[in-house]
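The structure file entry23.cif is reproduced below (mmCIF, C-alpha atoms and all ligand atoms).
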```cif
data_input
loop_
_atom_site.label_atom_id
_atom_site.label_comp_id
_atom_site.auth_asym_id
_atom_site.auth_seq_id
_atom_site.Cartn_x
_atom_site.Cartn_y
_atom_site.Cartn_z
CA MET A 212 139.48 -12.12 -187.34
CA PRO A 213 142.28 -9.71 -188.37
CA ASP A 214 145.68 -11.19 -189.12
CA ARG A 215 147.80 -11.17 -185.96
CA SER A 216 150.76 -13.16 -187.31
CA PHE A 217 152.91 -10.01 -187.52
CA LEU A 218 152.89 -9.80 -183.72
CA SER A 219 155.25 -12.76 -183.61
CA TRP A 220 157.88 -10.83 -185.61
CA PRO A 221 161.13 -10.23 -183.73
CA PHE A 222 160.56 -6.46 -183.64
CA PHE A 223 158.21 -6.90 -180.69
CA GLU A 224 158.45 -7.84 -177.04
CA ASP A 225 155.70 -9.61 -175.11
CA ARG A 226 154.52 -6.29 -173.63
CA HIS A 227 153.77 -5.09 -177.18
CA ARG A 228 151.81 -8.25 -178.02
CA ASP A 229 149.85 -7.92 -174.80
CA LEU A 230 149.08 -4.26 -175.50
CA ALA A 231 147.86 -5.00 -179.03
CA GLU A 232 145.46 -7.68 -177.76
CA ARG A 233 144.13 -5.61 -174.86
CA LEU A 234 143.66 -2.50 -176.99
CA ASP A 235 141.83 -4.47 -179.68
CA THR A 236 139.38 -5.71 -177.03
CA TRP A 237 138.97 -2.17 -175.71
CA CYS A 238 138.32 -0.84 -179.22
CA ALA A 239 135.69 -3.48 -179.90
CA LYS A 240 133.81 -2.29 -176.79
CA ASN A 241 134.32 1.48 -177.08
CA LEU A 242 134.60 2.37 -180.80
CA PRO A 243 133.52 3.91 -183.04
CA VAL A 244 132.04 6.93 -181.31
CA ASP A 245 129.40 9.14 -182.97
CA HIS A 246 131.26 11.42 -185.42
CA HIS A 247 128.49 13.92 -186.18
CA ASP A 248 130.10 16.65 -184.11
CA VAL A 249 133.85 16.11 -184.59
CA ASP A 250 134.83 18.49 -181.79
CA ALA A 251 132.62 16.67 -179.29
CA ALA A 252 133.74 13.29 -180.66
CA CYS A 253 137.43 14.17 -180.25
CA ARG A 254 136.94 15.49 -176.75
CA GLU A 255 135.07 12.29 -175.86
CA LEU A 256 137.82 10.15 -177.39
CA VAL A 257 140.63 11.97 -175.60
CA THR A 258 138.73 11.67 -172.31
CA LYS A 259 138.02 7.95 -172.77
CA LEU A 260 141.50 7.07 -174.03
CA GLY A 261 143.04 9.05 -171.18
CA ARG A 262 140.73 7.59 -168.55
CA ASP A 263 141.63 4.05 -169.54
CA GLY A 264 145.37 4.72 -169.73
CA TRP A 265 145.90 4.47 -173.51
CA LEU A 266 147.37 7.97 -173.84
CA LYS A 267 150.28 7.26 -171.49
CA PRO A 268 152.69 6.27 -174.30
CA THR A 269 152.12 9.61 -176.10
CA ALA A 270 154.51 11.46 -173.78
CA ILE A 271 157.20 10.72 -171.25
CA ASP A 272 156.30 9.95 -167.65
CA THR A 273 158.00 12.76 -165.76
CA GLY A 274 158.02 10.65 -162.57
CA ASN A 275 159.87 7.85 -164.35
CA PRO A 276 161.35 9.35 -167.52
CA GLY A 277 162.46 7.11 -170.36
CA PRO A 278 162.36 7.41 -174.15
CA LEU A 279 159.07 7.31 -176.06
CA ASP A 280 158.42 3.72 -177.19
CA VAL A 281 157.83 4.04 -180.92
CA ARG A 282 156.67 0.42 -181.32
CA THR A 283 153.92 1.09 -178.77
CA LEU A 284 152.96 4.30 -180.57
CA CYS A 285 152.80 2.45 -183.90
CA LEU A 286 150.88 -0.55 -182.58
CA THR A 287 148.39 1.73 -180.86
CA ARG A 288 147.87 3.84 -183.98
CA GLU A 289 147.51 0.79 -186.18
CA THR A 290 144.94 -0.78 -183.86
CA LEU A 291 142.93 2.41 -183.33
CA ALA A 292 142.94 3.20 -187.06
CA ARG A 293 141.62 -0.27 -187.83
CA HIS A 294 138.60 0.51 -185.62
CA ASP A 295 138.03 4.27 -185.96
CA GLY A 296 140.11 6.91 -187.80
CA LEU A 297 139.06 9.64 -185.41
CA ALA A 298 140.27 7.63 -182.40
CA ASP A 299 143.65 7.27 -184.09
CA PHE A 300 143.65 11.02 -184.76
CA ALA A 301 142.85 11.86 -181.12
CA PHE A 302 145.66 9.59 -179.89
CA ALA A 303 148.22 10.74 -182.47
CA MET A 304 147.75 14.44 -181.83
CA GLN A 305 148.36 14.06 -178.09
CA GLY A 306 151.79 12.69 -179.04
CA LEU A 307 152.66 15.01 -181.93
CA GLY A 308 151.42 18.01 -179.96
CA THR A 309 153.59 17.29 -176.94
CA GLY A 310 156.58 15.65 -178.68
CA ALA A 311 158.68 18.82 -178.33
CA LEU A 312 158.03 18.83 -174.57
CA SER A 313 158.86 15.14 -174.15
CA LEU A 314 162.11 15.52 -176.08
CA PHE A 315 163.27 19.04 -175.20
CA GLY A 316 161.07 20.45 -172.41
CA THR A 317 162.29 21.65 -169.02
CA PRO A 318 160.72 19.96 -165.96
CA GLU A 319 158.48 23.01 -165.60
CA GLN A 320 157.32 22.83 -169.23
CA GLN A 321 156.79 19.09 -168.89
CA GLN A 322 154.13 19.70 -166.24
CA TRP A 323 151.65 19.77 -169.14
CA LEU A 324 152.39 16.11 -169.83
CA ALA A 325 150.59 14.69 -166.80
CA LYS A 326 147.43 16.35 -168.11
CA THR A 327 147.78 15.32 -171.77
CA ARG A 328 148.64 11.72 -170.84
CA ALA A 329 145.51 11.56 -168.67
CA GLY A 330 143.28 13.03 -171.39
CA LYS A 331 142.71 16.18 -169.33
CA ALA A 332 144.32 18.59 -171.81
CA ILE A 333 144.39 18.51 -175.62
CA SER A 334 147.53 19.44 -177.54
CA ALA A 335 148.36 20.68 -181.04
CA PHE A 336 151.46 21.08 -183.22
CA ALA A 337 151.51 24.39 -185.11
CA LEU A 338 154.18 24.44 -187.81
CA SER A 339 152.43 25.03 -191.17
CA GLU A 340 151.51 28.43 -192.54
CA PRO A 341 149.61 29.61 -195.62
CA ARG A 342 152.92 30.14 -197.50
CA SER A 343 155.03 27.59 -195.67
CA GLY A 344 153.91 23.97 -195.75
CA SER A 345 156.53 21.70 -197.30
CA ASP A 346 158.90 24.69 -197.35
CA VAL A 347 159.27 25.07 -193.58
CA ALA A 348 162.31 27.36 -193.96
CA ASN A 349 160.02 29.93 -195.57
CA MET A 350 158.14 30.46 -192.30
CA GLU A 351 156.88 34.02 -191.86
CA MET A 352 155.46 34.06 -188.35
CA THR A 353 157.71 36.07 -186.03
CA ALA A 354 158.55 35.88 -182.36
CA THR A 355 160.18 39.09 -181.18
CA ARG A 356 161.92 39.49 -177.85
CA GLU A 357 160.37 42.29 -175.74
CA GLY A 358 162.00 42.45 -172.31
CA ASP A 359 161.64 39.00 -170.74
CA ASP A 360 158.79 38.04 -173.08
CA TYR A 361 158.36 36.95 -176.69
CA VAL A 362 155.64 38.47 -178.87
CA LEU A 363 154.27 36.18 -181.62
CA SER A 364 152.65 37.60 -184.75
CA GLY A 365 151.42 35.81 -187.87
CA GLU A 366 149.27 32.89 -188.98
CA LYS A 367 149.31 29.11 -188.74
CA THR A 368 147.11 26.90 -190.88
CA TRP A 369 145.99 23.27 -191.15
CA ILE A 370 146.41 22.95 -187.40
CA SER A 371 144.87 19.70 -186.21
CA ASN A 372 142.95 20.14 -182.95
CA GLY A 373 142.81 23.87 -183.80
CA GLY A 374 139.74 25.11 -181.96
CA ILE A 375 139.69 22.43 -179.25
CA ALA A 376 143.33 22.35 -178.09
CA ASP A 377 144.38 23.60 -174.66
CA LEU A 378 147.99 24.09 -175.69
CA TYR A 379 149.73 24.76 -178.98
CA ILE A 380 153.41 24.11 -179.69
CA VAL A 381 154.11 26.99 -182.07
CA PHE A 382 157.12 27.48 -184.33
CA ALA A 383 158.11 31.04 -185.23
CA ARG A 384 160.98 33.01 -186.68
CA THR A 385 163.31 34.48 -184.06
CA GLY A 386 165.94 35.33 -186.67
CA GLU A 387 169.22 33.96 -185.29
CA ALA A 388 170.13 33.05 -188.88
CA PRO A 389 168.37 33.06 -192.26
CA GLY A 390 166.02 30.21 -193.23
CA ALA A 391 165.59 27.12 -191.08
CA LYS A 392 168.28 28.09 -188.57
CA GLY A 393 166.34 31.14 -187.38
CA LEU A 394 163.25 29.36 -186.00
CA SER A 395 162.26 28.67 -182.39
CA ALA A 396 159.52 26.69 -180.63
CA PHE A 397 157.12 28.00 -177.97
CA ILE A 398 154.34 26.77 -175.71
CA VAL A 399 151.23 28.87 -176.23
CA PRO A 400 148.15 28.14 -174.11
CA SER A 401 144.88 28.39 -176.06
CA ASP A 402 143.61 31.24 -173.87
CA ALA A 403 146.62 33.48 -174.65
CA LYS A 404 145.46 37.02 -175.46
CA GLY A 405 145.59 37.72 -179.23
CA LEU A 406 145.33 34.05 -180.29
CA THR A 407 142.13 33.48 -182.26
CA ILE A 408 140.66 30.84 -184.53
CA ALA A 409 140.56 32.70 -187.88
CA GLU A 410 138.84 29.88 -189.77
CA ARG A 411 137.68 26.31 -189.22
CA LEU A 412 138.73 24.07 -192.11
CA GLU A 413 136.66 21.17 -193.41
CA VAL A 414 138.37 18.23 -195.10
CA ILE A 415 137.18 14.97 -196.68
CA ALA A 416 137.71 12.99 -193.49
CA PRO A 417 136.55 15.52 -190.89
CA HIS A 418 138.51 16.24 -187.75
CA PRO A 419 139.08 19.46 -185.78
CA LEU A 420 141.25 21.64 -188.02
CA ALA A 421 141.81 25.39 -188.10
CA ARG A 422 143.71 28.40 -189.29
CA LEU A 423 145.01 30.36 -186.30
CA SER A 424 145.76 34.05 -186.05
CA PHE A 425 148.40 35.41 -183.66
CA ASP A 426 148.01 39.14 -183.08
CA ARG A 427 150.89 40.14 -180.81
CA VAL A 428 150.51 37.09 -178.57
CA ARG A 429 152.78 37.64 -175.58
CA VAL A 430 154.35 34.62 -173.89
CA PRO A 431 156.91 34.65 -171.07
CA GLY A 432 160.57 33.80 -171.79
CA PRO A 433 160.26 30.32 -170.20
CA ALA A 434 157.69 29.41 -172.90
CA LEU A 435 160.66 28.99 -175.27
CA ILE A 436 161.46 25.29 -175.80
CA GLY A 437 165.19 24.59 -176.11
CA LYS A 438 167.36 27.49 -177.22
CA PRO A 439 166.58 30.32 -179.66
CA GLY A 440 167.22 28.98 -183.19
CA ASP A 441 166.54 25.35 -182.20
CA GLY A 442 163.02 25.32 -183.68
CA PHE A 443 163.74 23.48 -186.93
CA ARG A 444 165.85 20.85 -185.17
CA ILE A 445 163.09 20.36 -182.59
CA ALA A 446 160.38 20.02 -185.27
CA MET A 447 162.47 17.51 -187.25
CA SER A 448 163.30 15.47 -184.12
CA VAL A 449 159.60 15.25 -183.26
CA LEU A 450 158.77 14.18 -186.81
CA ASP A 451 161.59 11.62 -186.67
CA VAL A 452 159.68 9.90 -183.86
CA PHE A 453 156.15 10.37 -185.16
CA ARG A 454 156.58 9.99 -188.93
CA SER A 455 156.63 6.20 -188.86
CA THR A 456 153.44 6.30 -186.77
CA VAL A 457 151.65 7.91 -189.73
CA GLY A 458 152.66 4.81 -191.68
CA ALA A 459 151.23 2.72 -188.84
CA ALA A 460 147.88 4.50 -189.08
CA ALA A 461 147.84 3.88 -192.84
CA LEU A 462 148.60 0.25 -192.10
CA GLY A 463 145.58 0.07 -189.78
CA PHE A 464 143.31 1.49 -192.49
CA ALA A 465 144.75 -0.95 -195.05
CA ARG A 466 144.30 -3.95 -192.76
CA ARG A 467 140.68 -3.01 -192.18
CA ALA A 468 140.15 -2.68 -195.95
CA LEU A 469 141.70 -6.10 -196.50
CA ASP A 470 139.58 -7.68 -193.72
CA GLU A 471 136.39 -6.16 -195.13
CA SER A 472 137.30 -7.40 -198.62
CA ILE A 473 138.02 -10.95 -197.47
CA LYS A 474 134.60 -11.01 -195.78
CA ARG A 475 132.91 -9.51 -198.82
CA VAL A 476 134.33 -11.90 -201.42
CA ALA A 477 133.48 -14.89 -199.23
CA GLU A 478 129.86 -13.79 -198.80
CA ARG A 479 129.02 -12.21 -202.16
CA LYS A 480 127.98 -14.60 -204.93
CA LEU A 481 128.71 -13.78 -208.57
CA PHE A 482 127.89 -16.03 -211.50
CA GLY A 483 126.66 -18.76 -209.14
CA ALA A 484 129.70 -18.94 -206.87
CA PRO A 485 131.38 -16.83 -204.17
CA MET A 486 133.46 -13.98 -205.64
CA ALA A 487 136.43 -15.47 -203.81
CA GLU A 488 136.56 -18.24 -206.42
CA LEU A 489 137.30 -15.79 -209.25
CA GLN A 490 141.04 -15.83 -209.87
CA MET A 491 141.24 -12.12 -210.66
CA VAL A 492 139.64 -11.45 -207.27
CA GLN A 493 142.24 -13.70 -205.66
CA GLY A 494 144.88 -11.67 -207.48
CA HIS A 495 143.56 -8.47 -205.86
CA ILE A 496 143.48 -10.07 -202.42
CA ALA A 497 147.05 -11.33 -202.87
CA ASP A 498 148.27 -7.86 -203.91
CA MET A 499 146.52 -6.30 -200.91
CA ALA A 500 147.98 -8.82 -198.45
CA LEU A 501 151.46 -8.32 -199.90
CA ASP A 502 151.17 -4.54 -199.61
CA VAL A 503 149.99 -4.82 -196.01
CA ASP A 504 152.84 -7.10 -194.95
CA ALA A 505 155.53 -5.11 -196.78
CA ALA A 506 154.25 -1.86 -195.25
CA ALA A 507 154.18 -3.46 -191.79
CA LEU A 508 157.78 -4.60 -192.18
CA LEU A 509 158.93 -1.06 -193.02
CA VAL A 510 156.86 0.59 -190.28
CA TYR A 511 158.01 -1.76 -187.53
CA ARG A 512 161.60 -1.76 -188.78
CA ALA A 513 161.65 2.04 -188.35
CA ALA A 514 159.98 1.85 -184.93
CA TRP A 515 162.30 -0.91 -183.74
CA ALA A 516 165.41 0.97 -184.95
CA LYS A 517 164.38 4.08 -183.01
CA ASP A 518 163.59 2.03 -179.89
CA MET A 519 166.98 0.32 -180.14
CA GLY A 520 168.59 3.73 -179.65
CA ALA A 521 169.32 4.99 -183.18
CA ALA A 522 169.94 8.74 -182.84
CA ARG A 523 168.03 9.45 -186.07
CA VAL A 524 165.89 7.16 -188.24
CA THR A 525 165.30 9.70 -190.99
CA ARG A 526 165.66 7.22 -193.86
CA GLU A 527 163.71 4.40 -192.18
CA ALA A 528 160.87 6.67 -191.05
CA ALA A 529 160.59 8.33 -194.47
CA MET A 530 160.46 4.93 -196.19
CA ALA A 531 157.84 3.66 -193.72
CA LYS A 532 155.62 6.70 -194.14
CA LEU A 533 155.96 6.91 -197.91
CA TYR A 534 155.42 3.23 -198.59
CA ALA A 535 152.69 2.50 -196.04
CA THR A 536 150.55 5.50 -196.98
CA ASP A 537 150.97 4.94 -200.71
CA ARG A 538 150.21 1.20 -200.51
CA ALA A 539 147.27 1.75 -198.14
CA GLN A 540 145.76 4.04 -200.76
CA SER A 541 146.06 1.23 -203.31
CA VAL A 542 144.73 -1.45 -200.93
CA ILE A 543 141.72 0.69 -200.04
CA ASP A 544 141.05 1.49 -203.69
CA LYS A 545 140.98 -2.24 -204.44
CA ALA A 546 138.63 -2.77 -201.49
CA VAL A 547 136.27 -0.16 -202.92
CA GLN A 548 136.41 -1.94 -206.29
CA LEU A 549 135.68 -5.35 -204.76
CA HIS A 550 132.66 -3.91 -202.94
CA GLY A 551 131.10 -2.65 -206.20
CA GLY A 552 128.44 0.04 -205.67
CA ASP A 553 128.50 -0.47 -201.92
CA GLY A 554 132.15 0.64 -201.94
CA VAL A 555 131.22 4.21 -202.83
CA ARG A 556 128.04 4.34 -200.79
CA LYS A 557 128.12 7.09 -198.18
CA GLY A 558 128.58 5.60 -194.73
CA HIS A 559 130.03 2.28 -195.88
CA ILE A 560 133.21 1.35 -194.03
CA VAL A 561 135.39 1.22 -197.18
CA GLU A 562 133.99 4.54 -198.39
CA GLY A 563 135.12 6.04 -195.09
CA LEU A 564 138.58 4.47 -195.41
CA TYR A 565 138.88 5.88 -198.94
CA ARG A 566 138.42 9.39 -197.52
CA GLU A 567 140.51 8.78 -194.39
CA ILE A 568 143.68 7.65 -196.15
CA ARG A 569 144.17 10.55 -198.56
CA ALA A 570 145.51 13.25 -196.24
CA LEU A 571 148.18 10.93 -194.83
CA ARG A 572 150.11 11.26 -198.11
CA ILE A 573 150.18 15.05 -197.62
CA TYR A 574 150.75 15.87 -193.96
CA GLU A 575 153.92 15.41 -191.89
CA GLY A 576 155.87 15.65 -195.14
CA ALA A 577 154.18 14.96 -198.48
CA SER A 578 155.13 11.76 -200.34
CA ASP A 579 157.28 13.72 -202.80
CA VAL A 580 159.21 15.25 -199.90
CA GLN A 581 159.79 11.78 -198.40
CA LYS A 582 161.31 10.71 -201.73
CA VAL A 583 163.70 13.68 -201.61
CA VAL A 584 164.63 12.76 -198.02
CA ILE A 585 165.26 9.11 -198.90
CA ALA A 586 167.31 9.97 -201.97
CA ARG A 587 169.48 12.43 -200.01
CA GLN A 588 170.02 9.88 -197.24
CA VAL A 589 171.05 7.02 -199.51
CA MET A 590 173.17 9.19 -201.80
CA GLY A 591 174.78 10.83 -198.76
CA ALA A 592 175.56 7.43 -197.25
CA ALA A 593 177.12 6.27 -200.51
C1 LIG A 601 144.39 16.94 -192.72
C2 LIG A 601 145.63 17.73 -192.48
C3 LIG A 601 146.12 17.89 -191.18
C4 LIG A 601 147.26 18.66 -190.93
N1 LIG A 601 147.67 18.86 -189.65
C5 LIG A 601 148.73 19.68 -189.40
C6 LIG A 601 149.11 20.00 -188.07
O1 LIG A 601 148.53 19.50 -187.09
N2 LIG A 601 150.13 20.87 -187.89
C7 LIG A 601 150.81 21.44 -188.92
O2 LIG A 601 151.71 22.23 -188.68
N3 LIG A 601 150.46 21.18 -190.21
C8 LIG A 601 149.44 20.31 -190.47
N4 LIG A 601 149.06 20.03 -191.77
C9 LIG A 601 149.76 20.70 -192.86
C10 LIG A 601 150.62 19.77 -193.69
O3 LIG A 601 151.76 19.40 -192.98
C11 LIG A 601 150.88 20.48 -195.01
O4 LIG A 601 149.67 20.50 -195.73
C12 LIG A 601 151.97 19.78 -195.81
O5 LIG A 601 153.23 19.96 -195.21
C13 LIG A 601 152.02 20.30 -197.25
O6 LIG A 601 152.12 21.69 -197.25
P1 LIG A 601 151.13 22.55 -198.18
O7 LIG A 601 149.73 22.13 -197.94
O8 LIG A 601 151.46 23.98 -197.97
O9 LIG A 601 151.49 22.12 -199.64
P2 LIG A 601 152.76 22.61 -200.49
O10 LIG A 601 153.93 22.79 -199.61
O11 LIG A 601 152.32 23.74 -201.35
O12 LIG A 601 153.04 21.34 -201.39
C14 LIG A 601 152.11 20.94 -202.39
C15 LIG A 601 152.61 19.69 -203.04
O13 LIG A 601 153.85 19.95 -203.69
C16 LIG A 601 154.61 18.76 -203.74
N5 LIG A 601 155.95 19.04 -203.20
C17 LIG A 601 156.26 19.71 -202.09
N6 LIG A 601 157.60 19.76 -201.92
C18 LIG A 601 158.15 19.10 -202.96
C19 LIG A 601 159.48 18.78 -203.35
N7 LIG A 601 160.53 19.17 -202.59
N8 LIG A 601 159.67 18.08 -204.49
C20 LIG A 601 158.62 17.69 -205.24
N9 LIG A 601 157.31 17.94 -204.92
C21 LIG A 601 157.10 18.63 -203.79
C22 LIG A 601 153.87 17.73 -202.88
O14 LIG A 601 153.14 16.85 -203.74
C23 LIG A 601 152.92 18.56 -202.07
O15 LIG A 601 151.75 17.83 -201.70
C24 LIG A 601 147.94 19.24 -192.02
C25 LIG A 601 147.46 19.06 -193.32
C26 LIG A 601 146.32 18.32 -193.56
C27 LIG A 601 145.84 18.16 -194.98
#
```

What's the structure tokens form of this structure?
Ligand SMILES: Cc1cc2nc3c(=O)[nH]c(=O)nc-3n(C[C@H](O)[C@H](O)[C@H](O)COP(=O)(O)OP(=O)(O)OC[C@H]3O[C@@H](n4cnc5c(N)ncnc54)[C@H](O)[C@@H]3O)c2cc1C
Amino acid sequence: MPDRSFLSWPFFEDRHRDLAERLDTWCAKNLPVDHHDVDAACRELVTKLGRDGWLKPTAIDTGNPGPLDVRTLCLTRETLARHDGLADFAFAMQGLGTGALSLFGTPEQQQWLAKTRAGKAISAFALSEPRSGSDVANMEMTATREGDDYVLSGEKTWISNGGIADLYIVFARTGEAPGAKGLSAFIVPSDAKGLTIAERLEVIAPHPLARLSFDRVRVPGPALIGKPGDGFRIAMSVLDVFRSTVGAAALGFARRALDESIKRVAERKLFGAPMAELQMVQGHIADMALDVDAAALLVYRAAWAKDMGAARVTREAAMAKLYATDRAQSVIDKAVQLHGGDGVRKGHIVEGLYREIRALRIYEGASDVQKVVIARQVMGAA
């Protein structure tokens, strides 16, 4: 039985506790799905999650608009990740992909949200390029005004849901100013003429991922989100909401690794007694439990602060993401160690977690970038 004591922390309201319990029951019945074909698996997950109402928190309800509830996003990601990394991925991308529309979209643009919240359309967030990952200001893709339209040319890479998405939120250079101040955000439907999947990318924990090519992709003026030149601010505002949820996913992986390890050391006998009686094993379990709780405190502190109306939670979200992903890596590594040979056996749950966790320290701002962000925030405040 996974530890639920954190649900009594003051960060949560009863509706959060109720959601965590109900979702856990749902996950036990519906997950994991067959991962052999990741495209099919993701489509199935989005359909199922949407059908049963779990995607609703990923975007605002246009009929009853209110802010995104970051605690709900985090609790959902943590719970899904504990059961199935791909389910967490499918959920997370619906939110990241539509975040710009929830936060900055016009009512017309927000019409997409009814579909993504119901699992009837899949979304993607297209910021990174071959020469512009951490260095967003170096973006090369252009969006040129031609009459009432914009024409997008260039490449995006590492785009999650690339190949299965119905809509892409694409960032491109419109040139109002040099660097980050000359970027804008656009809605590009996947069937736009000139948009092609240049390459499908395979990674150690497979999910739909692609490099996209934009060859004079024409979108109408109203596809622009916000104002020309707002792109960087929009991207950073979306990440401000979703960055702590990456920490929550890491937390879910770490909790699962800890649960599997507790089971393993209770069952496995070494030198005539359960492994759990070896003090060095107890030391590992204690370190893992401490890492899990400390990460949870940072993740839910960031989520709570945002939900309480903080305009920006840059420092809190960066700390949550950095710490939770880093510590989850360590917790999972210890779990692999405690499982001995089984820990590296293909198909074992901890082997899967070991592959799942790694990319979280790279995407949505690499760990090193989070350190720069935190340092700037605390030095600036001082
Ligand atoms: C599985 C996966 C899914 C992704 N999904 C998406 C997506 O859906 N949409 C999207 O737009 N992008 C996505 N990305 C891209 C991701 O955001 C980038 O990979 C990330 O920003 C790093 O960029 P890069 O790969 O170009 O590495 P680089 O920018 O070349 O950085 C390489 C390394 O340099 C170090 N570094 C970078 N900056 C600094 C610094 N200031 N100080 C010190 N060290 C530094 C870090 O260790 C970093 O890992 C995804 C990536 C992966 C791996």

Show me, as a PDB file with C-alpha atoms, in the coordinates of the input, the residues that have an atom within 6 Å of range 419-429 of chain A when counting all atoms listed in the file, minus same-chain residues fewer than 5 positions from it.
```
ATOM      1  CA  ASP A 250     134.830  18.490-181.790  1.00  0.00           C
ATOM      2  CA  TYR A 361     158.360  36.950-176.690  1.00  0.00           C
ATOM      3  CA  VAL A 362     155.640  38.470-178.870  1.00  0.00           C
ATOM      4  CA  LEU A 363     154.270  36.180-181.620  1.00  0.00           C
ATOM      5  CA  SER A 364     152.650  37.600-184.750  1.00  0.00           C
ATOM      6  CA  GLY A 365     151.420  35.810-187.870  1.00  0.00           C
ATOM      7  CA  GLU A 366     149.270  32.890-188.980  1.00  0.00           C
ATOM      8  CA  LYS A 367     149.310  29.110-188.740  1.00  0.00           C
ATOM      9  CA  THR A 368     147.110  26.900-190.880  1.00  0.00           C
ATOM     10  CA  TRP A 369     145.990  23.270-191.150  1.00  0.00           C
ATOM     11  CA  ILE A 370     146.410  22.950-187.400  1.00  0.00           C
ATOM     12  CA  SER A 371     144.870  19.700-186.210  1.00  0.00           C
ATOM     13  CA  ASN A 372     142.950  20.140-182.950  1.00  0.00           C
ATOM     14  CA  GLY A 373     142.810  23.870-183.800  1.00  0.00           C
ATOM     15  CA  LYS A 404     145.460  37.020-175.460  1.00  0.00           C
ATOM     16  CA  GLY A 405     145.590  37.720-179.230  1.00  0.00           C
ATOM     17  CA  LEU A 406     145.330  34.050-180.290  1.00  0.00           C
ATOM     18  CA  THR A 407     142.130  33.480-182.260  1.00  0.00           C
ATOM     19  CA  ILE A 408     140.660  30.840-184.530  1.00  0.00           C
ATOM     20  CA  ALA A 409     140.560  32.700-187.880  1.00  0.00           C
ATOM     21  CA  GLU A 410     138.840  29.880-189.770  1.00  0.00           C
ATOM     22  CA  ARG A 411     137.680  26.310-189.220  1.00  0.00           C
ATOM     23  CA  LEU A 412     138.730  24.070-192.110  1.00  0.00           C
TER      24      LEU A 412
END
```

Kindly compute an axis-aligned box around the listed atoms of range 351-367 of chain A, allowing 8 Å on each side, and express its centre and edge lengths in Å to one decimal as JSON.
```
{"center_x": 155.6, "center_y": 35.8, "center_z": -181.3, "size_x": 28.7, "size_y": 29.3, "size_z": 37.1}
```

Would you work out the distance separating CA of Leu489 in chain A from CA of Arg467 in chain A, expressed in Å to one decimal? 21.6 Å

Got a sec: who's within 12 Å of Ser334 in chain A, counting all atoms listed in the file, leaving out chain neighbours fewer than 5 positions off, as a PyMOL selection string? chain A and resi 253-254+257+269-270+300-312+323-324+326-328+370-381+398-401+419

Keeping C-alpha atoms, export the residues of the selection given above as an mmCIF file, in the frame of the given file.
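File produced: again.cif:
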```
data_model
loop_
_atom_site.group_PDB
_atom_site.id
_atom_site.type_symbol
_atom_site.label_atom_id
_atom_site.label_comp_id
_atom_site.auth_asym_id
_atom_site.auth_seq_id
_atom_site.Cartn_x
_atom_site.Cartn_y
_atom_site.Cartn_z
ATOM 1 C CA CYS A 253 137.430 14.170 -180.250
ATOM 2 C CA ARG A 254 136.940 15.490 -176.750
ATOM 3 C CA VAL A 257 140.630 11.970 -175.600
ATOM 4 C CA THR A 269 152.120 9.610 -176.100
ATOM 5 C CA ALA A 270 154.510 11.460 -173.780
ATOM 6 C CA PHE A 300 143.650 11.020 -184.760
ATOM 7 C CA ALA A 301 142.850 11.860 -181.120
ATOM 8 C CA PHE A 302 145.660 9.590 -179.890
ATOM 9 C CA ALA A 303 148.220 10.740 -182.470
ATOM 10 C CA MET A 304 147.750 14.440 -181.830
ATOM 11 C CA GLN A 305 148.360 14.060 -178.090
ATOM 12 C CA GLY A 306 151.790 12.690 -179.040
ATOM 13 C CA LEU A 307 152.660 15.010 -181.930
ATOM 14 C CA GLY A 308 151.420 18.010 -179.960
ATOM 15 C CA THR A 309 153.590 17.290 -176.940
ATOM 16 C CA GLY A 310 156.580 15.650 -178.680
ATOM 17 C CA ALA A 311 158.680 18.820 -178.330
ATOM 18 C CA LEU A 312 158.030 18.830 -174.570
ATOM 19 C CA TRP A 323 151.650 19.770 -169.140
ATOM 20 C CA LEU A 324 152.390 16.110 -169.830
ATOM 21 C CA LYS A 326 147.430 16.350 -168.110
ATOM 22 C CA THR A 327 147.780 15.320 -171.770
ATOM 23 C CA ARG A 328 148.640 11.720 -170.840
ATOM 24 C CA ILE A 370 146.410 22.950 -187.400
ATOM 25 C CA SER A 371 144.870 19.700 -186.210
ATOM 26 C CA ASN A 372 142.950 20.140 -182.950
ATOM 27 C CA GLY A 373 142.810 23.870 -183.800
ATOM 28 C CA GLY A 374 139.740 25.110 -181.960
ATOM 29 C CA ILE A 375 139.690 22.430 -179.250
ATOM 30 C CA ALA A 376 143.330 22.350 -178.090
ATOM 31 C CA ASP A 377 144.380 23.600 -174.660
ATOM 32 C CA LEU A 378 147.990 24.090 -175.690
ATOM 33 C CA TYR A 379 149.730 24.760 -178.980
ATOM 34 C CA ILE A 380 153.410 24.110 -179.690
ATOM 35 C CA VAL A 381 154.110 26.990 -182.070
ATOM 36 C CA ILE A 398 154.340 26.770 -175.710
ATOM 37 C CA VAL A 399 151.230 28.870 -176.230
ATOM 38 C CA PRO A 400 148.150 28.140 -174.110
ATOM 39 C CA SER A 401 144.880 28.390 -176.060
ATOM 40 C CA PRO A 419 139.080 19.460 -185.780
#
```

Environment of ligand LIG 601 (chain A) within 6 Å, counting all atoms listed in the file, reported as a ChimeraX atom specification: /A:336-339,343-346,369-371,570,573-577,579-580

Nearest to Pro431 in chain A by atom-to-atom distance, counting all atoms listed in the file, from A:Asp360, A:Asp280, A:Asp470, A:Asp553: A:Asp360

Which residues, written as a PyMOL selection string, have at least one atom at most 12 Å from Asn241 in chain A, with all atoms listed in the file counted and residues fewer than 6 positions away on the same chain left out? chain A and resi 234-235+255-256+259-260+263+291+294-295+298
